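Chemist: Have a look at this one before I ask anything.
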Amino acid sequence: LADHIQLLLDTDRDYATAVELGISAAGETYDQVCGISSYNPKWFVAVSEAPDSERWTAEIAILLADLTTRTDLAGRAWAISAHRRSPTEQDQSWSLLRTHEPSLQSAGLMLFLPPMPVN
């Protein structure tokens, strides 16, 4: 089992279905939606390991159209869950739950703000 991060994006906040994106410390990815592995979004990942090799970061970019059909996101919120699983360390998660299964009921919210006026 590789050190990896699992992200769940519940774009309609039904707390039952979600896009799942996974990134390993080696830059390997997986994705699925509602447990269906044939979901194939276009996304990009850059992974960087810290010099001490105990930490790493990942930057991802994904097309909005691959996550939702909505384009009017201002004022809306998505439920977001993040979970890190490591073969050498204790699991870490947004909700601090120590479960191996993702839980949308304990997800945080990401709020989309209206566009800022241009001066």
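Identifiers in the structure tokens: chain A, B, ... in order shown; residue index from 1 per chain; ligand index from 1 in order shown.
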Just the residues within 8 Å of Ala61 of chain A, please, counting only C-alpha atoms, with nothing from its chain fewer than 4 positions along; format it as a list in words.
Modeler: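 Non-adjacent residues within range: Trp43, Phe44 and Val45 of chain A.
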Chemist: Based on DSSP run over this structure's backbone, return all residues of chain A in helix (DSSP H, G or I), as JSON, numbers by chain.
Modeler: {"A": [64, 65, 66, 104, 105, 106]}
Chemist: Filtering to all heavy atoms, could you give me those residues as a compact mmCIF listing (two decimals), in the first residue's frame?
Modeler:
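Heads up, here's the output in result_27.txt:
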```txt
# COMPACT_ATOMS: atom_id res chain seq x y z
N LEU A 64 -13.48 21.77 -14.67
CA LEU A 64 -14.74 21.87 -13.93
C LEU A 64 -15.82 21.01 -14.57
O LEU A 64 -16.59 20.35 -13.88
CB LEU A 64 -15.20 23.34 -13.86
CG LEU A 64 -16.46 23.61 -13.06
CD1 LEU A 64 -16.28 23.20 -11.60
CD2 LEU A 64 -16.83 25.08 -13.16
N ALA A 65 -15.83 20.95 -15.89
CA ALA A 65 -16.83 20.15 -16.61
C ALA A 65 -16.71 18.66 -16.31
O ALA A 65 -17.67 17.92 -16.48
CB ALA A 65 -16.71 20.40 -18.11
N ASP A 66 -15.54 18.21 -15.83
CA ASP A 66 -15.38 16.81 -15.45
C ASP A 66 -15.85 16.53 -14.03
O ASP A 66 -15.87 15.37 -13.60
CB ASP A 66 -13.92 16.38 -15.60
CG ASP A 66 -13.52 16.15 -17.05
OD1 ASP A 66 -14.43 15.95 -17.89
OD2 ASP A 66 -12.32 16.18 -17.35
N LEU A 104 -18.69 10.87 3.84
CA LEU A 104 -19.16 12.18 3.40
C LEU A 104 -19.91 12.92 4.50
O LEU A 104 -19.96 14.14 4.51
CB LEU A 104 -20.06 12.03 2.17
CG LEU A 104 -19.33 11.67 0.88
CD1 LEU A 104 -20.32 11.33 -0.22
CD2 LEU A 104 -18.42 12.80 0.46
N GLN A 105 -20.49 12.18 5.44
CA GLN A 105 -21.23 12.83 6.52
C GLN A 105 -20.33 13.67 7.41
O GLN A 105 -20.80 14.56 8.11
CB GLN A 105 -21.99 11.78 7.37
CG GLN A 105 -23.16 11.16 6.66
CD GLN A 105 -22.79 10.17 5.56
OE1 GLN A 105 -21.69 9.66 5.53
NE2 GLN A 105 -23.69 9.94 4.63
N SER A 106 -19.05 13.40 7.40
CA SER A 106 -18.11 14.19 8.22
C SER A 106 -17.24 15.10 7.36
O SER A 106 -16.21 15.58 7.81
CB SER A 106 -17.23 13.24 9.04
OG SER A 106 -16.47 12.42 8.19
```
Chemist: Nearest residue to Leu1 of chain A out of A:Val47, A:Ala26, A:Leu111, A:Leu67, using only C-alpha atoms?
Modeler: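 For Leu1 of chain A, the nearest of the given residues is A:Ala26.
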Chemist: Take atom CA of His4 of chain A and atom CA of Leu63 of chain A and report the distance between them in Å, one decimal.
Modeler: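 Here the two named atoms are 21.7 Å from each other.
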Chemist: Report, in Å to a single decimal, how far apart atom CA of Thr11 of chain A and atom CA of Thr68 of chain A are.
Modeler: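 Between atom CA of Thr68 of chain A and atom CA of Thr11 of chain A the gap is 6.6 Å.
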Chemist: List every residue of chain A that DSSP, applied to the backbone of this structure, places in strand (DSSP E or B), and write the result as a count of residues only.
Modeler: 48
Chemist: Can you pull out every residue within 8 Å of Trp56 of chain A, counting only C-alpha atoms, but drop anything in the same chain fewer than 6 positions away, and send it as a compact mmCIF listing (two decimals) with N, CA, C and O atoms, in the first residue's frame?
Modeler:
```
# COMPACT_ATOMS: atom_id res chain seq x y z
N ALA A 25 2.18 9.34 -3.40
CA ALA A 25 3.41 10.13 -3.26
C ALA A 25 4.30 9.97 -4.49
O ALA A 25 5.12 10.83 -4.78
N VAL A 47 3.57 16.22 -8.20
CA VAL A 47 3.91 15.78 -6.83
C VAL A 47 5.35 16.18 -6.54
O VAL A 47 6.22 16.05 -7.39
N SER A 48 5.56 16.68 -5.33
CA SER A 48 6.89 17.09 -4.90
C SER A 48 7.14 16.52 -3.51
O SER A 48 6.32 16.70 -2.60
N GLU A 49 8.26 15.85 -3.35
CA GLU A 49 8.61 15.27 -2.06
C GLU A 49 9.57 16.19 -1.32
O GLU A 49 10.50 16.74 -1.92
N ALA A 50 9.34 16.36 -0.03
CA ALA A 50 10.23 17.19 0.79
C ALA A 50 11.58 16.49 0.95
O ALA A 50 11.66 15.26 0.85
```
Chemist: Nearest to Ala74 of chain A among A:Pro115, A:Thr88, A:Lys42, A:Ile62, with distances taken over only C-alpha atoms: which residue is it?
Modeler: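 Counting only C-alpha atoms, the residue closest to Ala74 of chain A is A:Pro115.
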